[in-house]
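Participant: I am attaching a structure below and will ask some questions about it afterwards.
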Amino acid sequence: MANDATQSIQDPATAGEDQYLTFILADEEYGVDILRVQEIKGWERPTPLPNTPDYIRGVINVRGMIVPIIDMRLRFGMEPLEYGPTTVVIMLRVISEDRERVMGIVVDAVSEVYSIGDDNLQPAPDFGTRIGIDFVRGLATVEEKMILVLDIDTLLGPGLIASEDAIREEQGA
Amino acid sequence: MSMDMSQFIEAFLEESFEGLDHMETELLALSEGDEETLHTIFRAAHSIKGGAGTFGFSAISEFTHGMETLLDRMRNGQQEATPEIVNLLLRAVDVLRGQLQAARDGGEADPAEAAEVRALIEATLGEDTPAPATGGGSDDAGSGNADGGDDGASGGWRIDFRPHADMLRTGNDPLRMFEVLEELGELTVSSQPDGLPETLEGYEPEASYLAWTLELRGDVERADIEEVFEWVEDECDLTIEPLETAGDSAGAQAPADPPPDGSGPESAPAGSEESAGGAPARTASKPTESSSMRVNAAKIDALIDMVGELVITQSMLTDISEQLEEDPSRVEQQIERLRSGLAELERNTRELQESVMGIRMVPIAQVFNRFPRLVHDLSGQLGKQIDLQMEGELTEIDKTVLEHLGDPLVHLVRNAIDHGIEMPDERSAAGKDPTGRVTLEAYHRGGNVVIEIRDDGRGMNSDRILEKARAAGLLRPDQTPEPHEILQYIFEPGLSTAEKLSDLSGRGVGMDVVKKNIRGLGGNIELHSEPGRGSRITIRLPLTLSIMDGQLLKIHDETFVIPLIAIVESLQTEPENVKQAFGKLPLYRLRDEYIPVVDLAALFGQAEPTPMPDRALLVVAEADNQRVALRVDDLLGQQQVVIKTLETNFRRVPGTAGATILGDGQVALILDVAGIARMAAGRDTRAA
C-alpha cells in the first residue's frame, strides 16, 4: 500500500517543497508530513482505555510498544465508518515540548504522496464550525483536488491526550 | 574535549565511591597486623588520589594524600591500627565521600571538617616522624635553590611544568616524562587547563596549551627530576620546589576545583551535610539514582553467546523457508525441521530475556555494605555492644528496587539497635550474652527476594502497642486481636512505641513510611517478635519492578491483569451476603466486613452499569488498606507479565498501572487497585 503511494511522487525532493502523505476521510483528502509517518498498518482491534473520549479507540501493541489509536472520523465529528479491509492505521511520530510519542490514526484509506511547496499552501479559511482549525496548516490544490494539510503536533498534541481533569479528579478524590 | 572528560570523570567518581565503600568495609574489618587488608585499603586510597589528580580535583587528591601516607605507615608497621586511628580514617572516608559528592553534584563539601580531619591526620603523622624538613615555605625555591637541606631527604617535590606551545612538535611527549617520574616516587599529576584558548578560533591542533602541576613524593634527588626534563629545558617553563611539609597546609584546605566540564561547585551553604557526631553523612543526604551501572563482564559475555545462538537459529529458519520454496515435495520433512527450529528460537528468546533482565540485577551487598559502619557508629553512640551478622549478600535484586531499599533498611536496623538490643548490663542481668546480635539476611524464595532483619533484643511490647493502637483510635476498646496481629499495628501511621524519644528514633521515617516504601516496591513486610527473645522483620520484594506476577481476568470481554499480590481472595457470591446501600451501591458481606463491589466496565465508562446479580464471581483485592471486590466474568490463568507504561506514547490512565502484552500479542491493562478503590469511592452514587 505504501509502495503504491510512493510511485506517484510528482517532483521528488524539489527544494522548498515538502512531501505529504494523504489519506481519505469520507471522500475528503488530508495530508500529513511524510517524514512523520513511521509505518502504515492494517486495522486491528485495540484494547480500550478507561474513561477516554470515543475517538481514542484504545491501545495496540507495535513490536512491544504500547501505542494509542485515534479515530480521525470521530475526532472530526464525522459519521463513524465500519472498519473494513481498506481501513488503515497510520503510525505517526508526534513531537511535543517534552518528548516524542508514537500514535496511530485510523483513516478510511491511504491515498497518495504529493510534494507541495510552502507557497502553494493557502491559509485555512474560518470554517465557522465548532472544530478548531489551529491544526490545519493550510489548504493545497493538487490535480484540482483540495487537500487539507494537517499539523499533527497540534492535532495529536497534549490537548488531545490530556484529559488532565480526569487525573486530577481521581487524585483529589 | 569537555564532553569526553565528563565521561571519564563520571567513571572516576563511580569507581571512587566504590573504592570508598570498600575502604570503609575493610577498615571496619581491620584487625591488628592484617597486612592484606591494609594493602587493599591503601590501594583504594591510592587510586582515588591518582584519579583526583588527573581530573583536577586537587582538594581531593591533597586530602587523600595524607590518608595514603598514614595507611602506608600502617602497612609498613610504623603505625599501629588503634581504634582511634581507624575512627580517624573512617572520618576521613566521610570527608572524601562528601568531597566526591560535591564534585559530582556541584555544591561544596564541608571545608571545616576536611581541614580538621586533615590536621588530625597530619598531627598523627607528625607524632612519630623524624622532625619535618626545615624551611617549609621557602619562597625562593622557584629560582632553583639547591642548598643541601632541600636536596633529597624532604617529603618530595612540586613540579610546575608549563610546556611552550611548540614543545610537542619536537617529538617530546609529556606522558613519557611523567612515566619516568613515576618510577622515581609517588606521582600525583593535576593538569592546569587555564592556558587553553577560549574559542577554537586560532586553535592549533599541534600546539601544547596544557600545563601540569606534579607532586613527586619520596626520597628523590632534585637532579634526577631535572634529568627527566633535560630534553625540554628550553621548551618549557619549569619550576621544581620542595613540597610544603606537614602541618603548614592544614588550614588552607581549598574548596574543590571546578571540574573541567563546568559543573563546578555552586555556592551551597557550607556544612549543610552532617559531619561529626551524627549519623554518617550518607544517610542524611538524598539517595541519588545513578543513571549508569557497572555490569559484570561475564554477564555481557553470556549475552553475546546467546545472541550468537539466536543468529544461528535465524539462519536455520531462513534455510528451511528457502528449501520449502525450492522443493515443495518434501514439505513434511521441512515442517519437522521448522518445528524444531521454532522450539530452538523459543528457548533462545527465553534465555535472552532472562539474561537481559539479569543485567539489571545487582548483589544486595551494595546496600548491606553500609551497615557495618552504621552499627559501628551506633554502638559507640549508644554504648551498646553489637555483633552484626550478614548473610546472603550476593543475593541479586533489581537495581531500581535496590536503590529504594536503602532508607527503609537503615531505619529498621537502627530500630533494632536503638529499641531492640538492650544495654550490656541489662542483657547480662537477663542471662544473655552482653553483646547483642543483629542479623541481616537475604535470600531468594519463589520469585521473590526475602530480606530478614533479626535481633536478639528485648522484643516488642505487644501490650503497649495495643494500648497505643487503642489510643490512636485504630481499634475499638472491646476489640482484641490475635497477638501476631497486634504487632502489625506498629506499621500504622502515628504509632511510635519508643519509651523515650532518643536522638535516633526522633529522626527519620516511621515504620508506616517503611511499610509504604516496601509496598511501593510491590513488596510486603511482616513482623514477628517474642518478648525477651528478640524480633524478626521479614521483607518480601519482587525480583524486579518490570516483571510482575499477575492474575488474568475477563470482564466484559476484555482481559485485564491484576497484580497477584493485591488479591485477597476470589469467591462465588452467596445471595444472602449481597447487600445494597443508597439504592444502587452494592456491598458484599465477607465474614464481618462489608466490601464495596465494583462494576469495572461501568466504572471505566465502557458499558452501562448492570445490576448486581445474586450469584457472581468476585475478586477481593486490597491496596493502601482499602478493599474492593471486582465483579469478574471469568478468572483466567496466572502468569508473569512484563509491565509497560502507557505514558510513553500516551499518558497515565487513572485506574490502570500500565499495560502488558499477552501471548497472542494483544494489550491487556494492568489494574491499579488503589486507584480503582478511589475512583469507586469518588463516584459511588453514579457508577457502582
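In the C-alpha cells, each chain is lettered A, B, ... as it comes, each chain's residues begin at 1, and ligands are numbered from 1 in order of appearance.
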With only C-alpha atoms as the counted atoms, please give the residues lying no more than 10 Å from Arg36 (chain A), apart from itself and same-chain residues fewer than 6 positions off, as a list of chain:residue names.

Facilitator: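 Once the nearby chain positions are removed, what remains is A:Tyr20, A:Leu21, A:Ile90, A:Met91, A:Leu92, A:Arg93, A:Val94, A:Ile95, A:Val102, A:Ile152, A:Asp153.
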
Participant: Please produce an output containing N, CA and C atoms for each residue in the selection, written as an mmCIF file, in the first residue's frame.

Facilitator:
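Just written: out20.cif:
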```cif
data_model
loop_
_atom_site.group_PDB
_atom_site.id
_atom_site.type_symbol
_atom_site.label_atom_id
_atom_site.label_comp_id
_atom_site.auth_asym_id
_atom_site.auth_seq_id
_atom_site.Cartn_x
_atom_site.Cartn_y
_atom_site.Cartn_z
ATOM 1 N N TYR A 20 4.021 15.122 1.359
ATOM 2 C CA TYR A 20 2.905 14.816 2.251
ATOM 3 C C TYR A 20 2.270 13.507 1.844
ATOM 4 N N LEU A 21 1.978 12.710 2.845
ATOM 5 C CA LEU A 21 1.186 11.508 2.615
ATOM 6 C C LEU A 21 -0.271 11.918 2.804
ATOM 7 N N ILE A 90 -2.322 4.821 10.349
ATOM 8 C CA ILE A 90 -1.043 5.456 10.026
ATOM 9 C C ILE A 90 -0.328 5.767 11.330
ATOM 10 N N MET A 91 0.866 5.207 11.486
ATOM 11 C CA MET A 91 1.640 5.452 12.701
ATOM 12 C C MET A 91 2.445 6.730 12.510
ATOM 13 N N LEU A 92 2.239 7.677 13.395
ATOM 14 C CA LEU A 92 2.882 8.985 13.268
ATOM 15 C C LEU A 92 3.755 9.274 14.476
ATOM 16 N N ARG A 93 4.838 9.973 14.207
ATOM 17 C CA ARG A 93 5.662 10.472 15.317
ATOM 18 C C ARG A 93 5.153 11.872 15.655
ATOM 19 N N VAL A 94 4.687 12.038 16.846
ATOM 20 C CA VAL A 94 4.130 13.321 17.275
ATOM 21 C C VAL A 94 5.110 13.945 18.264
ATOM 22 N N ILE A 95 5.518 15.179 17.943
ATOM 23 C CA ILE A 95 6.527 15.808 18.784
ATOM 24 C C ILE A 95 5.874 16.903 19.617
ATOM 25 N N VAL A 102 4.579 8.068 19.740
ATOM 26 C CA VAL A 102 4.097 7.416 18.527
ATOM 27 C C VAL A 102 2.606 7.182 18.718
ATOM 28 N N ILE A 152 0.186 17.743 12.689
ATOM 29 C CA ILE A 152 -0.151 16.645 13.607
ATOM 30 C C ILE A 152 0.280 16.924 15.043
ATOM 31 N N ASP A 153 1.315 17.769 15.202
ATOM 32 C CA ASP A 153 1.752 18.055 16.571
ATOM 33 C C ASP A 153 0.660 18.795 17.338
#
```

Participant: Tell me which protein, DNA and RNA residues are within 12 Å of Thr610 (chain B), counting only C-alpha atoms, leaving out same-chain ones fewer than 6 positions away, and put them as an MDAnalysis selection string.

Facilitator: chainID B and resid 556 584:586 597:603 631 686:688

Participant: Could those selected residues go to a file with N, CA and C atoms, as a PDB file, in the first residue's frame?

Facilitator:
```pdb
ATOM      1  N   HIS B 556     -16.360  -8.232  30.844  1.00  0.00           N
ATOM      2  CA  HIS B 556     -16.988  -7.673  29.652  1.00  0.00           C
ATOM      3  C   HIS B 556     -16.155  -7.917  28.395  1.00  0.00           C
ATOM      4  N   LYS B 584     -28.406   1.757  45.097  1.00  0.00           N
ATOM      5  CA  LYS B 584     -27.701   1.125  43.978  1.00  0.00           C
ATOM      6  C   LYS B 584     -26.279   0.698  44.279  1.00  0.00           C
ATOM      7  N   LEU B 585     -25.775   1.062  45.440  1.00  0.00           N
ATOM      8  CA  LEU B 585     -24.384   0.721  45.716  1.00  0.00           C
ATOM      9  C   LEU B 585     -24.284  -0.666  46.338  1.00  0.00           C
ATOM     10  N   PRO B 586     -23.808  -1.645  45.567  1.00  0.00           N
ATOM     11  CA  PRO B 586     -23.766  -2.997  46.122  1.00  0.00           C
ATOM     12  C   PRO B 586     -22.574  -3.187  47.062  1.00  0.00           C
ATOM     13  N   VAL B 597     -18.617  -3.419  46.004  1.00  0.00           N
ATOM     14  CA  VAL B 597     -18.442  -4.217  44.796  1.00  0.00           C
ATOM     15  C   VAL B 597     -18.340  -3.265  43.601  1.00  0.00           C
ATOM     16  N   VAL B 598     -17.353  -3.482  42.763  1.00  0.00           N
ATOM     17  CA  VAL B 598     -17.103  -2.577  41.652  1.00  0.00           C
ATOM     18  C   VAL B 598     -17.479  -3.244  40.336  1.00  0.00           C
ATOM     19  N   ASP B 599     -18.321  -2.541  39.584  1.00  0.00           N
ATOM     20  CA  ASP B 599     -18.638  -2.963  38.218  1.00  0.00           C
ATOM     21  C   ASP B 599     -17.637  -2.241  37.326  1.00  0.00           C
ATOM     22  N   LEU B 600     -16.547  -2.916  37.027  1.00  0.00           N
ATOM     23  CA  LEU B 600     -15.403  -2.239  36.414  1.00  0.00           C
ATOM     24  C   LEU B 600     -15.724  -1.635  35.053  1.00  0.00           C
ATOM     25  N   ALA B 601     -16.502  -2.372  34.243  1.00  0.00           N
ATOM     26  CA  ALA B 601     -16.813  -1.869  32.904  1.00  0.00           C
ATOM     27  C   ALA B 601     -17.548  -0.540  32.999  1.00  0.00           C
ATOM     28  N   ALA B 602     -18.444  -0.441  33.985  1.00  0.00           N
ATOM     29  CA  ALA B 602     -19.179   0.804  34.161  1.00  0.00           C
ATOM     30  C   ALA B 602     -18.257   1.894  34.708  1.00  0.00           C
ATOM     31  N   LEU B 603     -17.433   1.508  35.679  1.00  0.00           N
ATOM     32  CA  LEU B 603     -16.509   2.478  36.275  1.00  0.00           C
ATOM     33  C   LEU B 603     -15.552   3.032  35.229  1.00  0.00           C
ATOM     34  N   ARG B 631     -16.253  -7.376  40.259  1.00  0.00           N
ATOM     35  CA  ARG B 631     -17.115  -8.385  39.644  1.00  0.00           C
ATOM     36  C   ARG B 631     -16.455  -8.823  38.355  1.00  0.00           C
ATOM     37  N   ARG B 686     -23.026   7.155  41.184  1.00  0.00           N
ATOM     38  CA  ARG B 686     -23.368   7.094  39.767  1.00  0.00           C
ATOM     39  C   ARG B 686     -23.116   5.725  39.181  1.00  0.00           C
ATOM     40  N   ALA B 687     -21.834   5.298  39.365  1.00  0.00           N
ATOM     41  CA  ALA B 687     -21.457   4.034  38.699  1.00  0.00           C
ATOM     42  C   ALA B 687     -21.302   2.902  39.679  1.00  0.00           C
ATOM     43  N   ALA B 688     -21.896   2.165  40.147  1.00  0.00           N
ATOM     44  CA  ALA B 688     -21.492   1.161  41.099  1.00  0.00           C
ATOM     45  C   ALA B 688     -21.806  -0.179  40.510  1.00  0.00           C
TER      46      ALA B 688
END
```

Participant: Go through chain B residue by residue and, counting only C-alpha atoms, keep those with an atom at most 12 Å from chain A; for each kept residue give the shortest atom pair and its distance in Å to one decimal, ordered by chain and increasing number, as JSON lines.

Facilitator:
```
{"residue": "B:His556", "atom": "CA", "partner": "A:Pro48", "partner_atom": "CA", "distance": 11.5}
{"residue": "B:Asp557", "atom": "CA", "partner": "A:Thr47", "partner_atom": "CA", "distance": 10.5}
{"residue": "B:Glu558", "atom": "CA", "partner": "A:Thr47", "partner_atom": "CA", "distance": 7.7}
{"residue": "B:Thr559", "atom": "CA", "partner": "A:Thr47", "partner_atom": "CA", "distance": 8.8}
{"residue": "B:Phe560", "atom": "CA", "partner": "A:Thr47", "partner_atom": "CA", "distance": 9.9}
{"residue": "B:Leu600", "atom": "CA", "partner": "A:Pro50", "partner_atom": "CA", "distance": 9.3}
{"residue": "B:Ala601", "atom": "CA", "partner": "A:Pro50", "partner_atom": "CA", "distance": 8.3}
{"residue": "B:Ala602", "atom": "CA", "partner": "A:Pro50", "partner_atom": "CA", "distance": 9.4}
{"residue": "B:Leu603", "atom": "CA", "partner": "A:Pro50", "partner_atom": "CA", "distance": 8.0}
{"residue": "B:Phe604", "atom": "CA", "partner": "A:Pro50", "partner_atom": "CA", "distance": 4.3}
{"residue": "B:Gly605", "atom": "CA", "partner": "A:Asn51", "partner_atom": "CA", "distance": 5.2}
{"residue": "B:Gln606", "atom": "CA", "partner": "A:Pro50", "partner_atom": "CA", "distance": 6.8}
{"residue": "B:Ala607", "atom": "CA", "partner": "A:Pro50", "partner_atom": "CA", "distance": 10.4}
{"residue": "B:Val642", "atom": "CA", "partner": "A:Gly64", "partner_atom": "CA", "distance": 10.1}
{"residue": "B:Ile643", "atom": "CA", "partner": "A:Ile66", "partner_atom": "CA", "distance": 10.7}
{"residue": "B:Lys644", "atom": "CA", "partner": "A:Ile66", "partner_atom": "CA", "distance": 7.4}
{"residue": "B:Thr645", "atom": "CA", "partner": "A:Ile66", "partner_atom": "CA", "distance": 7.8}
{"residue": "B:Leu646", "atom": "CA", "partner": "A:Ile66", "partner_atom": "CA", "distance": 6.6}
{"residue": "B:Glu647", "atom": "CA", "partner": "A:Ile66", "partner_atom": "CA", "distance": 9.1}
{"residue": "B:Thr648", "atom": "CA", "partner": "A:Arg101", "partner_atom": "CA", "distance": 6.7}
{"residue": "B:Asn649", "atom": "CA", "partner": "A:Arg101", "partner_atom": "CA", "distance": 4.5}
{"residue": "B:Phe650", "atom": "CA", "partner": "A:Ile161", "partner_atom": "CA", "distance": 6.5}
{"residue": "B:Arg651", "atom": "CA", "partner": "A:Ile161", "partner_atom": "CA", "distance": 6.9}
{"residue": "B:Arg652", "atom": "CA", "partner": "A:Ile167", "partner_atom": "CA", "distance": 8.0}
{"residue": "B:Val653", "atom": "CA", "partner": "A:Pro50", "partner_atom": "CA", "distance": 7.3}
{"residue": "B:Pro654", "atom": "CA", "partner": "A:Ile167", "partner_atom": "CA", "distance": 6.2}
{"residue": "B:Gly655", "atom": "CA", "partner": "A:Pro50", "partner_atom": "CA", "distance": 7.6}
{"residue": "B:Thr656", "atom": "CA", "partner": "A:Pro50", "partner_atom": "CA", "distance": 8.4}
{"residue": "B:Ala657", "atom": "CA", "partner": "A:Leu49", "partner_atom": "CA", "distance": 11.9}
{"residue": "B:Gly658", "atom": "CA", "partner": "A:Ile66", "partner_atom": "CA", "distance": 9.5}
{"residue": "B:Ala659", "atom": "CA", "partner": "A:Ile66", "partner_atom": "CA", "distance": 7.7}
{"residue": "B:Thr660", "atom": "CA", "partner": "A:Ile66", "partner_atom": "CA", "distance": 8.3}
{"residue": "B:Ile661", "atom": "CA", "partner": "A:Asn61", "partner_atom": "CA", "distance": 7.0}
{"residue": "B:Leu662", "atom": "CA", "partner": "A:Asn61", "partner_atom": "CA", "distance": 9.6}
{"residue": "B:Gly663", "atom": "CA", "partner": "A:Asn61", "partner_atom": "CA", "distance": 11.4}
{"residue": "B:Asp664", "atom": "CA", "partner": "A:Asn61", "partner_atom": "CA", "distance": 10.3}
{"residue": "B:Gly665", "atom": "CA", "partner": "A:Asn61", "partner_atom": "CA", "distance": 6.6}
{"residue": "B:Gln666", "atom": "CA", "partner": "A:Asn61", "partner_atom": "CA", "distance": 6.5}
{"residue": "B:Val667", "atom": "CA", "partner": "A:Ile60", "partner_atom": "CA", "distance": 6.0}
{"residue": "B:Ala668", "atom": "CA", "partner": "A:Thr47", "partner_atom": "CA", "distance": 6.8}
{"residue": "B:Leu669", "atom": "CA", "partner": "A:Thr47", "partner_atom": "CA", "distance": 7.9}
{"residue": "B:Ile670", "atom": "CA", "partner": "A:Leu49", "partner_atom": "CA", "distance": 11.0}
{"residue": "B:Leu671", "atom": "CA", "partner": "A:Pro50", "partner_atom": "CA", "distance": 10.6}
{"residue": "B:Asp672", "atom": "CA", "partner": "A:Pro50", "partner_atom": "CA", "distance": 12.0}
{"residue": "B:Ala674", "atom": "CA", "partner": "A:Gln171", "partner_atom": "CA", "distance": 10.8}
{"residue": "B:Gly675", "atom": "CA", "partner": "A:Glu170", "partner_atom": "CA", "distance": 7.6}
{"residue": "B:Ile676", "atom": "CA", "partner": "A:Glu170", "partner_atom": "CA", "distance": 9.2}
{"residue": "B:Ala677", "atom": "CA", "partner": "A:Ala173", "partner_atom": "CA", "distance": 10.1}
{"residue": "B:Arg678", "atom": "CA", "partner": "A:Ala173", "partner_atom": "CA", "distance": 6.3}
{"residue": "B:Met679", "atom": "CA", "partner": "A:Glu170", "partner_atom": "CA", "distance": 6.0}
{"residue": "B:Ala680", "atom": "CA", "partner": "A:Ala173", "partner_atom": "CA", "distance": 9.5}
{"residue": "B:Ala681", "atom": "CA", "partner": "A:Ala173", "partner_atom": "CA", "distance": 7.6}
{"residue": "B:Gly682", "atom": "CA", "partner": "A:Ala173", "partner_atom": "CA", "distance": 5.6}
{"residue": "B:Arg683", "atom": "CA", "partner": "A:Ala173", "partner_atom": "CA", "distance": 9.1}
{"residue": "B:Asp684", "atom": "CA", "partner": "A:Ala173", "partner_atom": "CA", "distance": 11.4}
```

Participant: Excluding Ala430 (chain B) and residues on its chain fewer than 4 positions from it, collect all residues at most 9 Å away from it, counting only C-alpha atoms, and give them as an NGL selection string.

Facilitator: :B and (425-426 or 532)

Participant: Output the selection as a tab-separated table (two decimals), in the first residue's frame - N, CA and C atoms for each residue.

Facilitator:
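As written to disk, part.tsv reads:
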```tsv
chain	number	residue	atom	x	y	z
B	425	ASP	N	24.60	-4.34	80.52
B	425	ASP	CA	24.31	-4.83	81.87
B	425	ASP	C	22.91	-5.40	81.96
B	426	GLU	N	21.98	-4.77	81.24
B	426	GLU	CA	20.62	-5.28	81.21
B	426	GLU	C	20.59	-6.68	80.61
B	532	GLY	N	11.59	-10.63	75.19
B	532	GLY	CA	12.81	-11.14	75.79
B	532	GLY	C	13.70	-11.90	74.84
```

Participant: Rank nothing, just name the residue among B:Pro83, B:Val180, B:Asp72, B:Val189 nearest to Gly50 (chain B), using only C-alpha atoms.

Facilitator: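 Between B:Pro83, B:Val180, B:Asp72, B:Val189, the residue approaching Gly50 (chain B) most closely is B:Val189.
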
Participant: Go through B:Pro563, B:Gly107, B:Pro596, B:Gly550 and flag the residue nearest Val641 (chain B), using only C-alpha atoms for the distances.

Facilitator: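 The shortest atom-to-atom distance to Val641 (chain B) comes from B:Gly550.
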
Participant: With only C-alpha atoms as the basis for distance, which of A:Ile56, A:Ala109, A:Ile24, A:Met78 is at the shortest distance from Lys41 (chain A)?

Facilitator: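 Of all the options, A:Ala109 lies closest to Lys41 (chain A).
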
Participant: Compare B:Ile121, B:Met390, B:Leu564, B:Val307 by their minimum atom-to-atom distance to Thr349 (chain B), counting only C-alpha atoms, and give me the closest one.

Facilitator: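 Smallest separation from Thr349 (chain B) among the options: B:Val307.
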
Participant: Do you know which residues are at most 12 Å from region 316-319 of chain B counting only C-alpha atoms, after dropping those on the same chain fewer than 5 positions away, and could you put them as a PyMOL selection string?

Facilitator: chain B and resi 309-311+324-326+334-345

Participant: Emit the selected residues as a PDB file, in the first residue's frame, including C-alpha atoms.

Facilitator:
```pdb
ATOM      1  CA  GLU B 309      22.933 -18.721  19.005  1.00  0.00           C
ATOM      2  CA  LEU B 310      19.976 -16.612  18.032  1.00  0.00           C
ATOM      3  CA  VAL B 311      21.662 -15.681  14.762  1.00  0.00           C
ATOM      4  CA  LEU B 324      10.440 -25.150   1.095  1.00  0.00           C
ATOM      5  CA  GLU B 325      10.337 -22.823  -1.883  1.00  0.00           C
ATOM      6  CA  GLU B 326      12.798 -24.858  -3.922  1.00  0.00           C
ATOM      7  CA  GLN B 334      10.788 -29.446   6.354  1.00  0.00           C
ATOM      8  CA  ILE B 335       7.902 -28.823   8.705  1.00  0.00           C
ATOM      9  CA  GLU B 336       9.565 -31.134  11.174  1.00  0.00           C
ATOM     10  CA  ARG B 337      12.740 -29.077  10.901  1.00  0.00           C
ATOM     11  CA  LEU B 338      10.712 -25.882  11.167  1.00  0.00           C
ATOM     12  CA  ARG B 339       9.162 -27.094  14.395  1.00  0.00           C
ATOM     13  CA  SER B 340      12.475 -27.855  15.990  1.00  0.00           C
ATOM     14  CA  GLY B 341      13.838 -24.543  14.731  1.00  0.00           C
ATOM     15  CA  LEU B 342      10.975 -22.690  16.330  1.00  0.00           C
ATOM     16  CA  ALA B 343      11.458 -24.586  19.573  1.00  0.00           C
ATOM     17  CA  GLU B 344      15.088 -23.543  19.465  1.00  0.00           C
ATOM     18  CA  LEU B 345      14.075 -19.958  18.818  1.00  0.00           C
TER      19      LEU B 345
END
```

Participant: Just the residues within 12 Å of Thr395 (chain B), please, counting only C-alpha atoms, with nothing from its chain fewer than 3 positions along; format it as a ChimeraX atom specification.

Facilitator: /B:361-368,390-392,398,402,441-445,448-451,543

Participant: Considering only strand (DSSP E) as DSSP defines it on the backbone, what residues of region 15-154 of chain A qualify? List them as a ChimeraX atom specification.

Facilitator: /A:17-25,28-33,37-42,56-62,65-71,88-95,100-107,109-117,136-142,145-150

Participant: Please identify the helix (DSSP H, G or I) residues within region 5-174 of chain B (assignment by DSSP from backbone atoms) and present them as a ChimeraX atom specification.

Facilitator: /B:5-29,35-54,58-75,83-105,111-127,139-143,148-150,167-170,174

Participant: At a cut-off of 12 Å, using only C-alpha atoms, what residues contact Ile34 (chain A)? Leave out same-chain residues fewer than 6 positions from it and give the result as a list in words.

Facilitator: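 The contact residues come out as Ala2, Ala5, Thr6, Ile9, Glu17, Asp18, Gln19, Tyr20, Leu21, Thr22, Phe23, Ile40, Ile90, Met91, Leu92, Arg93, Glu112, Val113, Tyr114, Ser115, Ile116, Val149, Leu150, Asp151 and Ile152 of chain A.
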
Participant: Put those residues in a file: C-alpha atoms, as a PDB file, in the first residue's frame.

Facilitator:
```pdb
ATOM      1  CA  ALA A   2       2.734   2.373   0.926  1.00  0.00           C
ATOM      2  CA  ALA A   5       1.523   5.580  -2.899  1.00  0.00           C
ATOM      3  CA  THR A   6       5.169   6.430  -3.291  1.00  0.00           C
ATOM      4  CA  ILE A   9       5.652  11.296  -6.205  1.00  0.00           C
ATOM      5  CA  GLU A  17       8.752  21.558  -1.178  1.00  0.00           C
ATOM      6  CA  ASP A  18       7.701  19.106   1.444  1.00  0.00           C
ATOM      7  CA  GLN A  19       6.265  15.711   0.810  1.00  0.00           C
ATOM      8  CA  TYR A  20       2.905  14.816   2.251  1.00  0.00           C
ATOM      9  CA  LEU A  21       1.186  11.508   2.615  1.00  0.00           C
ATOM     10  CA  THR A  22      -2.505  11.941   2.009  1.00  0.00           C
ATOM     11  CA  PHE A  23      -5.381   9.894   3.320  1.00  0.00           C
ATOM     12  CA  ILE A  40       1.169   2.033   7.871  1.00  0.00           C
ATOM     13  CA  ILE A  90      -1.043   5.456  10.026  1.00  0.00           C
ATOM     14  CA  MET A  91       1.640   5.452  12.701  1.00  0.00           C
ATOM     15  CA  LEU A  92       2.882   8.985  13.268  1.00  0.00           C
ATOM     16  CA  ARG A  93       5.662  10.472  15.317  1.00  0.00           C
ATOM     17  CA  GLU A 112      -1.044   9.463  -2.459  1.00  0.00           C
ATOM     18  CA  VAL A 113       2.254  11.139  -1.760  1.00  0.00           C
ATOM     19  CA  TYR A 114       2.497  14.709  -3.039  1.00  0.00           C
ATOM     20  CA  SER A 115       5.190  17.334  -3.000  1.00  0.00           C
ATOM     21  CA  ILE A 116       3.664  20.626  -2.021  1.00  0.00           C
ATOM     22  CA  VAL A 149      -2.649  19.703   5.277  1.00  0.00           C
ATOM     23  CA  LEU A 150      -2.672  18.877   8.975  1.00  0.00           C
ATOM     24  CA  ASP A 151      -0.273  19.907  11.705  1.00  0.00           C
ATOM     25  CA  ILE A 152      -0.151  16.645  13.607  1.00  0.00           C
TER      26      ILE A 152
END
```

Participant: So that I can see what lies close to Lys515 (chain B), please list as a PyMOL selection string the residues with an atom at most 8 Å from it, counting only C-alpha atoms and leaving out residues fewer than 4 positions away in the same chain.

Facilitator: chain B and resi 491+511+519+524-525

Participant: Please compute the CA of His164 (chain B)-CA of Cys236 (chain B) distance, one decimal, in Å.

Facilitator: 4.9 Å
